[in-house]
Protein chains: 2
Amino acid sequence: MSRRKKATIREVAQAAGVAVGTVSRVLNGSGAVAPQTATRVREAIAVLGFMPDAAGRSLRSGASRAIGVLVPTLSNPIFARSLEGIERAAAQRGFSTIIASSGYAPARELDVVATLVARGVEGLVLTLTDTRPDRIAAVAGQGVPFVLAYNQPEPNAGPPAFALATVDSRAALLEATARLIALGHRRIAFLGGAFASSDRSRARYEGYRAAMTAAGLPAWDAVEIPFDAQDEAYEAALGDLIGRLAAPTALICSNDLLGLHAVAAARRHGLAVPGDLSVVGFDGMPMARIAEPSLATVAQPARRMGEAAVDLLFGLIAGGPPRQLILPHTFLEGGTLAAARADADPLRAGSAHVLRPTKPNRSPR
Amino acid sequence: MSRRKKATIREVAQAAGVAVGTVSRVLNGSGAVAPQTATRVREAIAVLGFMPDAAGRSLRSGASRAIGVLVPTLSNPIFARSLEGIERAAAQRGFSTIIASSGYAPARELDVVATLVARGVEGLVLTLTDTRPDRIAAVAGQGVPFVLAYNQPEPNAGPPAFALATVDSRAALLEATARLIALGHRRIAFLGGAFASSDRSRARYEGYRAAMTAAGLPAWDAVEIPFDAQDEAYEAALGDLIGRLAAPTALICSNDLLGLHAVAAARRHGLAVPGDLSVVGFDGMPMARIAEPSLATVAQPARRMGEAAVDLLFGLIAGGPPRQLILPHTFLEGGTLAAARADADPLRAGSAHVLRPTKPNRSPR
DNA sequence: GTCGTCTATGGAAACGGTTCCATAGGCGGC
DNA sequence: GCCGCCTATGGAACCGTTTCCATAGACGAC
């Protein structure tokens, strides 16, 4: 059943008693082939277990039937899920998916893209760490169609110069922050991934800022957390926040992973969530939703985003114009959300902030 | 800076005033090249921004510098993390990673492998859904070196016929089950992924069985959950278990994803974890560890397993014999673990099991 | 019957590299 | 001073496929 050595198109041609060109035509349905001949060829293919070699095909035709994907990391389930959408949508068109990750390192990114291009991918789905115009131009200079996914470059006047599939992070966070304000929160802090590695984090912070400003509240400086942070880093960051004279009563996190870690860190600091601190995330990871308390969050359709990005990409490959797609987000209520306590505001209540013990209740290891 | 059209080796040769063979030699460090000539060639390469085309290279030399990876799903962070290890270890050797997922469908699996092989990958890292000898033979028949990761085929006498990197699921679950028994649990149920799609799930069940039998306790039938299960499926499965006259006081799950869902489902059924039900998972997902209560689990070194699999693979590619590597697992205590309540055993306490209300405490949506 | 058209097919060139073979020149040993 | 070997390099074959061109034969129109 299994062949020792891979059969070539020449062997198939010989077995079927036709020329290699004819086999190729049968394979690709390109030229006219007599039905009877085609059958004979197909039989030979089946008997020999022939599969066309991708390298030979790609070399001659330039069609590798593969797309390249760059994500910052596979450890964040949101990217993993979007990859599932990409992989499925590509496979549906007979395309393979070559995956690479940048590890959130802007410096490696362009090299990785170049490697993918050298592999002959026909298109790229990229989540870049850095989306300044010159970086995007550098990618465009590779001459391969590409779609940005999850990215949130500065909006640009005129027709779009590149394709994009994303949610409107800024608007989503504006909305989420407004919810917290409506719940009576006044001191709302923002915890985000490093701005240098994530335009999403930055866009979300801007949304937060805009909402705070609109409500006449002071926007806090963003607390940036590196993407490879360990538990201790979260704990330290949170300790810094709650140690302040006027500690926040709510915390907005630029993704669910941060949100879950923030909840855990708050707990270790002896804060009740949502009693002492409300927390909101971003992404809508299923695992954050089944946590207790469930994480309030802005859900984005990750899988669909992956599929949409591939759709856009094949539009480009077919010669269409670059389109920018904003997918809908949904605010999900959750157990980490509560109204601000009446006594939470030291200015209003006239009481000084009470410092809590730092780590009274560390959970068992 | 960016080239409109990709340069070829012939253009480089012309620019440097040498033959194409010489450029190739510089590129691969294969033959002897005068330092001065090499410099000239390297300059031409830099000026033209030349990158060798993978298809051409692969076609002639058979060296695609790519490996193929098959995982059941990317949605389980354990595979995503192992992929990070694979990707990194491969990239370190200048290899790209082509990823495909089977979606836990045994039927698709062999096709996917064939597709990867047709792409000319030089090796495969596979997590198969089905590891019966004939399936492994079918993979071996493709003539490409491969390593199984995470898989747990029936042990075989004699020297190993294929390479393997895994933890000893059976031993790990034997140990975990023994821990529960030591905590006084007698009625311990097993919740696993569908056996038909996971030899790990099966091996873990066997470990559980062995431990129960060794302790003179009856082993329960495994409750199998499909891998695409929704919340409702978990709830139903758990409802069935706790609705029994002699309900379990502990639950062993074949992975952390199941474990987290089981904890959530138990909560929705009004059971306290670990008060009414202890839960143990498998994998050591970071997210399960920061949950409250933290999930007791058997941790496996996912990233290292990915790296180890690639090491084994390159051993094979270099012509070495297939090696089988068992990585160490660690039992992690967690908040989902408690001693069995004294009144938990209806036989011993002489009291009938009290049926609890089914869904009194559903968490907010 | 001749011509033109159309279909089915054979055969060869081409894709962009690597690898092998041939060879020119330099150099040391005798 | 000749021979042989070694180094550096040129040039061509080759990998497996697609694509293009040529052609044989069938068939309809006149």
# chains A, B, ... in the order shown; residues from 1 in each chain; ligands from 1
$ interface_residues --of "chain A" --to "chain D" --cutoff "10 Å" --atoms "only C-alpha atoms (C1' of nucleotides)" --output "ChimeraX atom specification"
/A:8-10,20-21,24-25,28,30,52-62
$ write_last_selection --atoms "N, CA and C atoms" --output "compact mmCIF listing (two decimals), in the first residue's frame"
# COMPACT_ATOMS: atom_id res chain seq x y z
N THR A 8 6.85 9.94 -9.51
CA THR A 8 6.89 11.22 -10.22
C THR A 8 5.84 11.21 -11.32
N ILE A 9 5.64 12.39 -11.85
CA ILE A 9 4.63 12.52 -12.89
C ILE A 9 5.04 11.73 -14.13
N ARG A 10 6.33 11.56 -14.32
CA ARG A 10 6.80 10.81 -15.48
C ARG A 10 6.41 9.34 -15.39
N VAL A 20 3.67 13.44 -20.17
CA VAL A 20 3.59 14.10 -18.86
C VAL A 20 2.65 15.29 -18.91
N GLY A 21 2.66 15.98 -20.03
CA GLY A 21 1.78 17.14 -20.16
C GLY A 21 0.33 16.76 -19.92
N SER A 24 -0.41 16.29 -16.30
CA SER A 24 -0.52 17.59 -15.65
C SER A 24 -1.89 18.21 -15.91
N ARG A 25 -2.34 18.07 -17.16
CA ARG A 25 -3.66 18.63 -17.49
C ARG A 25 -4.76 17.96 -16.68
N ASN A 28 -4.63 19.26 -13.02
CA ASN A 28 -5.07 20.63 -12.76
C ASN A 28 -6.33 21.01 -13.51
N SER A 30 -6.54 21.75 -16.45
CA SER A 30 -6.21 22.93 -17.24
C SER A 30 -6.64 22.78 -18.70
N PRO A 52 1.58 15.09 -6.42
CA PRO A 52 2.51 16.04 -7.06
C PRO A 52 3.41 16.71 -6.03
N ASP A 53 4.64 16.85 -6.37
CA ASP A 53 5.62 17.46 -5.48
C ASP A 53 5.44 18.97 -5.47
N ALA A 54 5.31 19.51 -4.26
CA ALA A 54 5.00 20.93 -4.13
C ALA A 54 6.13 21.81 -4.67
N ALA A 55 7.36 21.35 -4.50
CA ALA A 55 8.49 22.18 -4.91
C ALA A 55 8.52 22.34 -6.43
N GLY A 56 8.38 21.23 -7.14
CA GLY A 56 8.39 21.31 -8.59
C GLY A 56 7.27 22.18 -9.10
N ARG A 57 6.12 21.96 -8.57
CA ARG A 57 4.95 22.74 -8.97
C ARG A 57 5.17 24.23 -8.69
N SER A 58 5.61 24.49 -7.49
CA SER A 58 5.79 25.87 -7.08
C SER A 58 6.85 26.56 -7.94
N LEU A 59 7.89 25.82 -8.23
CA LEU A 59 9.00 26.39 -9.00
C LEU A 59 8.52 26.87 -10.36
N ARG A 60 7.82 26.01 -11.05
CA ARG A 60 7.42 26.37 -12.40
C ARG A 60 6.28 27.40 -12.39
N SER A 61 5.28 27.14 -11.61
CA SER A 61 4.06 27.94 -11.73
C SER A 61 4.06 29.14 -10.79
N GLY A 62 4.93 29.13 -9.81
CA GLY A 62 4.91 30.22 -8.84
C GLY A 62 3.76 30.09 -7.85
$ select_by_dssp --residues "range 168-261 of chain B" --states "strand (DSSP E or B)" --output "PDB file with N, CA and C atoms, in the first residue's frame"
ATOM      1  N   ILE B 188     -14.306   7.644  43.154  1.00  0.00           N
ATOM      2  CA  ILE B 188     -13.557   8.549  42.288  1.00  0.00           C
ATOM      3  C   ILE B 188     -13.948   8.266  40.844  1.00  0.00           C
ATOM      4  N   ALA B 189     -14.431   9.289  40.166  1.00  0.00           N
ATOM      5  CA  ALA B 189     -14.866   9.109  38.770  1.00  0.00           C
ATOM      6  C   ALA B 189     -13.797   9.633  37.819  1.00  0.00           C
ATOM      7  N   PHE B 190     -13.904   9.203  36.583  1.00  0.00           N
ATOM      8  CA  PHE B 190     -12.925   9.619  35.565  1.00  0.00           C
ATOM      9  C   PHE B 190     -13.651  10.256  34.393  1.00  0.00           C
ATOM     10  N   LEU B 191     -13.194  11.462  34.069  1.00  0.00           N
ATOM     11  CA  LEU B 191     -13.784  12.201  32.944  1.00  0.00           C
ATOM     12  C   LEU B 191     -12.679  12.396  31.913  1.00  0.00           C
ATOM     13  N   GLY B 192     -12.905  11.887  30.703  1.00  0.00           N
ATOM     14  CA  GLY B 192     -11.821  11.945  29.728  1.00  0.00           C
ATOM     15  C   GLY B 192     -12.280  12.414  28.362  1.00  0.00           C
ATOM     16  N   GLY B 193     -11.321  12.828  27.552  1.00  0.00           N
ATOM     17  CA  GLY B 193     -11.627  13.106  26.152  1.00  0.00           C
ATOM     18  C   GLY B 193     -11.964  11.792  25.466  1.00  0.00           C
ATOM     19  N   VAL B 223     -16.210   8.491  31.758  1.00  0.00           N
ATOM     20  CA  VAL B 223     -17.184   9.351  31.086  1.00  0.00           C
ATOM     21  C   VAL B 223     -16.428  10.073  29.982  1.00  0.00           C
ATOM     22  N   GLU B 224     -16.786   9.807  28.748  1.00  0.00           N
ATOM     23  CA  GLU B 224     -16.062  10.417  27.633  1.00  0.00           C
ATOM     24  C   GLU B 224     -16.778  11.663  27.145  1.00  0.00           C
ATOM     25  N   ILE B 225     -15.992  12.681  26.932  1.00  0.00           N
ATOM     26  CA  ILE B 225     -16.548  13.951  26.470  1.00  0.00           C
ATOM     27  C   ILE B 225     -15.951  14.246  25.099  1.00  0.00           C
ATOM     28  N   ALA B 250     -14.708  12.594  44.250  1.00  0.00           N
ATOM     29  CA  ALA B 250     -13.556  13.143  43.532  1.00  0.00           C
ATOM     30  C   ALA B 250     -13.677  12.813  42.062  1.00  0.00           C
ATOM     31  N   LEU B 251     -13.065  13.665  41.269  1.00  0.00           N
ATOM     32  CA  LEU B 251     -13.176  13.517  39.824  1.00  0.00           C
ATOM     33  C   LEU B 251     -11.801  13.740  39.218  1.00  0.00           C
ATOM     34  N   ILE B 252     -11.396  12.786  38.402  1.00  0.00           N
ATOM     35  CA  ILE B 252     -10.123  12.933  37.713  1.00  0.00           C
ATOM     36  C   ILE B 252     -10.409  13.237  36.248  1.00  0.00           C
ATOM     37  N   CYS B 253      -9.787  14.257  35.742  1.00  0.00           N
ATOM     38  CA  CYS B 253     -10.039  14.651  34.361  1.00  0.00           C
ATOM     39  C   CYS B 253      -8.776  14.441  33.536  1.00  0.00           C
TER      40      CYS B 253
END
$ residues_around --residues "Ala272 in chain B" --least-positions-apart "6" --cutoff "10 Å" --atoms "only C-alpha atoms (C1' of nucleotides)" --output "ChimeraX atom specification"
/B:263,266,278,336
$ write_last_selection --atoms "N, CA and C atoms" --output "tab-separated table (two decimals), in the first residue's frame"
chain	number	residue	atom	x	y	z
B	263	VAL	N	-15.00	21.89	37.03
B	263	VAL	CA	-15.15	22.73	38.21
B	263	VAL	C	-16.31	23.71	38.00
B	266	ALA	N	-19.58	21.83	38.11
B	266	ALA	CA	-19.91	21.45	39.49
B	266	ALA	C	-20.50	22.65	40.23
B	278	SER	N	-13.63	16.89	44.94
B	278	SER	CA	-12.26	17.23	44.59
B	278	SER	C	-12.07	17.01	43.10
B	336	THR	N	-8.28	22.62	44.46
B	336	THR	CA	-9.42	21.76	44.14
B	336	THR	C	-9.33	20.40	44.84
$ select_by_dssp --residues "range 157-359 of chain B" --states "alpha helix (DSSP H)" --output "number ranges by chain"
B: 169-182, 199-214, 231-242, 256-268, 286-289, 302-317, 346-349
$ residues_around --residues "Leu332 in chain A" --least-positions-apart "6" --cutoff "6 Å" --atoms "only C-alpha atoms (C1' of nucleotides)" --output "PDB file with N, CA and C atoms, in the first residue's frame"
ATOM      1  N   ALA A 296     -15.492  39.824  33.250  1.00  0.00           N
ATOM      2  CA  ALA A 296     -16.180  40.741  32.330  1.00  0.00           C
ATOM      3  C   ALA A 296     -15.187  41.122  31.247  1.00  0.00           C
ATOM      4  N   THR A 297     -15.650  41.202  30.014  1.00  0.00           N
ATOM      5  CA  THR A 297     -14.678  41.378  28.938  1.00  0.00           C
ATOM      6  C   THR A 297     -15.325  41.912  27.669  1.00  0.00           C
ATOM      7  N   VAL A 298     -14.489  42.326  26.756  1.00  0.00           N
ATOM      8  CA  VAL A 298     -14.961  42.667  25.416  1.00  0.00           C
ATOM      9  C   VAL A 298     -14.622  41.485  24.527  1.00  0.00           C
TER      10      VAL A 298
END
$ closest_atom_pairs --of "chain C" --to "chain B" --cutoff "10 Å" --atoms "only C-alpha atoms (C1' of nucleotides)" --output "Markdown table"
| residue | atom | partner | partner_atom | distance |
| --- | --- | --- | --- | --- |
| C:DC15 | C1' | B:Gly56 | CA | 7.8 |
| C:DG16 | C1' | B:Gly56 | CA | 4.6 |
| C:DG17 | C1' | B:Gly56 | CA | 4.3 |
| C:DT18 | C1' | B:Arg60 | CA | 5.8 |
| C:DT19 | C1' | B:Ser61 | CA | 8.4 |
$ write_last_selection --atoms "C-alpha atoms (C1' of nucleotides)" --output "PDB file, in the first residue's frame"
ATOM      1  C1'  DC C  15      11.350  27.763 -13.349  1.00  0.00           C
ATOM      2  C1'  DG C  16      15.738  28.647  -9.660  1.00  0.00           C
ATOM      3  C1'  DG C  17      18.416  26.545  -7.358  1.00  0.00           C
ATOM      4  C1'  DT C  18      22.334  22.489  -6.256  1.00  0.00           C
ATOM      5  C1'  DT C  19      25.676  19.342  -7.604  1.00  0.00           C
TER       6       DT C  19
END
$ closest_residue --among "A:Asp231, A:Glu11, A:Glu307, A:Glu154" --to "chain B" --atoms "only C-alpha atoms"
A:Asp231
$ atom_distance --atom1 "CA of Ala138 in chain A" --atom2 "CA of Val125 in chain A"
14.9 Å
$ atom_distance --atom1 "CA of Val273 in chain B" --atom2 "CA of Ala194 in chain B"
24.5 Å
$ residues_around --residues "Ala89 in chain A" --least-positions-apart "4" --cutoff "7 Å" --atoms "only C-alpha atoms (C1' of nucleotides)" --output "PyMOL selection string"
chain A and resi 85+93+307+310
$ write_last_selection --atoms "C-alpha atoms" --output "PDB file, in the first residue's frame"
ATOM      1  CA  GLY A  85      -9.936  29.936  11.575  1.00  0.00           C
ATOM      2  CA  ARG A  93      -9.025  26.409  -0.645  1.00  0.00           C
ATOM      3  CA  GLU A 307     -11.445  33.358   8.435  1.00  0.00           C
ATOM      4  CA  VAL A 310      -8.063  34.770   4.755  1.00  0.00           C
TER       5      VAL A 310
END
$ atom_distance --atom1 "CA of Arg170 in chain B" --atom2 "CA of Glu206 in chain B"
6.2 Å
$ closest_residue --among "A:Ala91, A:Ala105, A:Arg132, A:Pro321" --to "Asn156 in chain A" --atoms "only C-alpha atoms"
A:Arg132
$ residues_around --residues "DA8 in chain C" --least-positions-apart "3" --cutoff "10 Å" --atoms "only C-alpha atoms (C1' of nucleotides)" --output "list in words"
Thr22, Gly31, Ala32, Val33, Ala34 and Thr37 of chain A; DA24 and DG25 of chain D
$ closest_residue --among "A:Ala15, A:Ala236, A:Met212, A:Ala66" --to "chain B" --atoms "only C-alpha atoms"
A:Ala66
$ residues_around --residues "range 110-117 of chain B" --least-positions-apart "3" --cutoff "10 Å" --atoms "only C-alpha atoms (C1' of nucleotides)" --output "mmCIF file with N, CA and C atoms, in the first residue's frame"
data_model
loop_
_atom_site.group_PDB
_atom_site.id
_atom_site.type_symbol
_atom_site.label_atom_id
_atom_site.label_comp_id
_atom_site.auth_asym_id
_atom_site.auth_seq_id
_atom_site.Cartn_x
_atom_site.Cartn_y
_atom_site.Cartn_z
ATOM 1 N N LYS A 6 8.697 8.159 -3.535
ATOM 2 C CA LYS A 6 7.600 8.912 -4.134
ATOM 3 C C LYS A 6 7.604 8.784 -5.658
ATOM 4 N N MET A 51 1.514 11.754 -5.594
ATOM 5 C CA MET A 51 1.112 13.095 -5.137
ATOM 6 C C MET A 51 2.093 14.085 -5.735
ATOM 7 N N PRO A 52 1.583 15.092 -6.423
ATOM 8 C CA PRO A 52 2.507 16.044 -7.057
ATOM 9 C C PRO A 52 3.411 16.705 -6.026
ATOM 10 N N ASP A 53 4.640 16.845 -6.368
ATOM 11 C CA ASP A 53 5.620 17.460 -5.483
ATOM 12 C C ASP A 53 5.438 18.973 -5.472
ATOM 13 N N ALA A 54 5.305 19.509 -4.263
ATOM 14 C CA ALA A 54 4.997 20.933 -4.134
ATOM 15 C C ALA A 54 6.126 21.806 -4.670
ATOM 16 N N ALA A 91 -7.201 25.758 4.264
ATOM 17 C CA ALA A 91 -7.301 24.354 3.856
ATOM 18 C C ALA A 91 -8.485 24.162 2.916
ATOM 19 N N GLY A 94 -7.489 24.579 -0.366
ATOM 20 C CA GLY A 94 -6.353 23.749 -0.762
ATOM 21 C C GLY A 94 -5.015 24.372 -0.437
ATOM 22 N N SER A 96 -1.943 25.348 2.264
ATOM 23 C CA SER A 96 -1.331 25.048 3.542
ATOM 24 C C SER A 96 -1.001 26.348 4.269
ATOM 25 N N ALA B 66 12.287 22.449 6.121
ATOM 26 C CA ALA B 66 10.995 22.635 6.785
ATOM 27 C C ALA B 66 10.587 21.320 7.439
ATOM 28 N N ILE B 67 9.946 21.424 8.578
ATOM 29 C CA ILE B 67 9.365 20.233 9.186
ATOM 30 C C ILE B 67 7.856 20.442 9.303
ATOM 31 N N GLY B 68 7.146 19.365 9.308
ATOM 32 C CA GLY B 68 5.700 19.423 9.424
ATOM 33 C C GLY B 68 5.270 19.033 10.825
ATOM 34 N N VAL B 69 4.222 19.679 11.295
ATOM 35 C CA VAL B 69 3.716 19.366 12.632
ATOM 36 C C VAL B 69 2.219 19.130 12.548
ATOM 37 N N LEU B 70 1.784 18.083 13.175
ATOM 38 C CA LEU B 70 0.351 17.823 13.237
ATOM 39 C C LEU B 70 -0.096 17.802 14.688
ATOM 40 N N ILE B 98 5.706 23.883 9.349
ATOM 41 C CA ILE B 98 4.406 23.890 8.694
ATOM 42 C C ILE B 98 3.433 23.161 9.594
ATOM 43 N N ILE B 99 2.396 23.880 9.994
ATOM 44 C CA ILE B 99 1.492 23.354 11.001
ATOM 45 C C ILE B 99 0.157 22.962 10.387
ATOM 46 N N ALA B 100 -0.330 21.833 10.804
ATOM 47 C CA ALA B 100 -1.665 21.425 10.380
ATOM 48 C C ALA B 100 -2.368 20.828 11.583
ATOM 49 N N SER B 101 -3.682 20.904 11.593
ATOM 50 C CA SER B 101 -4.399 20.305 12.709
ATOM 51 C C SER B 101 -5.441 19.327 12.192
ATOM 52 N N SER B 102 -5.652 18.295 12.962
ATOM 53 C CA SER B 102 -6.554 17.235 12.528
ATOM 54 C C SER B 102 -7.966 17.448 13.049
ATOM 55 N N ALA B 105 -9.905 14.383 14.266
ATOM 56 C CA ALA B 105 -10.603 13.459 13.366
ATOM 57 C C ALA B 105 -9.626 12.430 12.810
ATOM 58 N N PRO B 106 -9.725 11.191 13.278
ATOM 59 C CA PRO B 106 -8.792 10.153 12.812
ATOM 60 C C PRO B 106 -8.808 10.003 11.294
ATOM 61 N N ALA B 107 -9.947 10.222 10.692
ATOM 62 C CA ALA B 107 -10.064 9.989 9.251
ATOM 63 C C ALA B 107 -9.234 10.975 8.444
ATOM 64 N N GLY B 120 7.119 18.382 0.952
ATOM 65 C CA GLY B 120 8.558 18.159 1.000
ATOM 66 C C GLY B 120 9.183 18.365 2.358
ATOM 67 N N VAL B 121 8.391 18.284 3.409
ATOM 68 C CA VAL B 121 8.994 18.433 4.732
ATOM 69 C C VAL B 121 10.021 17.335 4.950
ATOM 70 N N GLU B 122 11.044 17.666 5.695
ATOM 71 C CA GLU B 122 12.114 16.697 5.917
ATOM 72 C C GLU B 122 11.855 15.832 7.136
ATOM 73 N N GLY B 123 10.854 16.206 7.898
ATOM 74 C CA GLY B 123 10.535 15.409 9.074
ATOM 75 C C GLY B 123 9.181 15.836 9.617
ATOM 76 N N LEU B 124 8.654 15.027 10.510
ATOM 77 C CA LEU B 124 7.319 15.279 11.039
ATOM 78 C C LEU B 124 7.313 15.138 12.555
ATOM 79 N N LEU B 126 4.354 14.557 15.163
ATOM 80 C CA LEU B 126 2.932 14.248 15.074
ATOM 81 C C LEU B 126 2.331 13.933 16.438
ATOM 82 N N LEU B 128 -0.876 12.031 17.036
ATOM 83 C CA LEU B 128 -1.923 11.303 16.329
ATOM 84 C C LEU B 128 -3.133 11.067 17.234
ATOM 85 N N ARG B 135 -1.730 2.164 11.878
ATOM 86 C CA ARG B 135 -1.721 3.597 11.576
ATOM 87 C C ARG B 135 -0.296 4.131 11.587
ATOM 88 N N ILE B 136 0.455 3.715 12.581
ATOM 89 C CA ILE B 136 1.844 4.155 12.653
ATOM 90 C C ILE B 136 2.610 3.636 11.445
ATOM 91 N N ALA B 138 1.392 3.142 8.542
ATOM 92 C CA ALA B 138 0.996 3.949 7.389
ATOM 93 C C ALA B 138 1.801 5.244 7.340
ATOM 94 N N VAL B 139 2.024 5.823 8.500
ATOM 95 C CA VAL B 139 2.835 7.041 8.546
ATOM 96 C C VAL B 139 4.274 6.726 8.151
ATOM 97 N N GLN B 142 5.300 6.591 4.532
ATOM 98 C CA GLN B 142 5.507 7.814 3.766
ATOM 99 C C GLN B 142 6.992 8.054 3.530
ATOM 100 N N GLY B 143 7.818 7.365 4.284
ATOM 101 C CA GLY B 143 9.251 7.473 4.045
ATOM 102 C C GLY B 143 9.879 8.740 4.586
ATOM 103 N N VAL B 144 9.192 9.424 5.488
ATOM 104 C CA VAL B 144 9.744 10.635 6.083
ATOM 105 C C VAL B 144 9.946 10.394 7.577
#
$ closest_residue --among "A:Leu183, A:Leu245, A:Leu295, A:Ala176" --to "chain B" --atoms "only C-alpha atoms"
A:Leu295
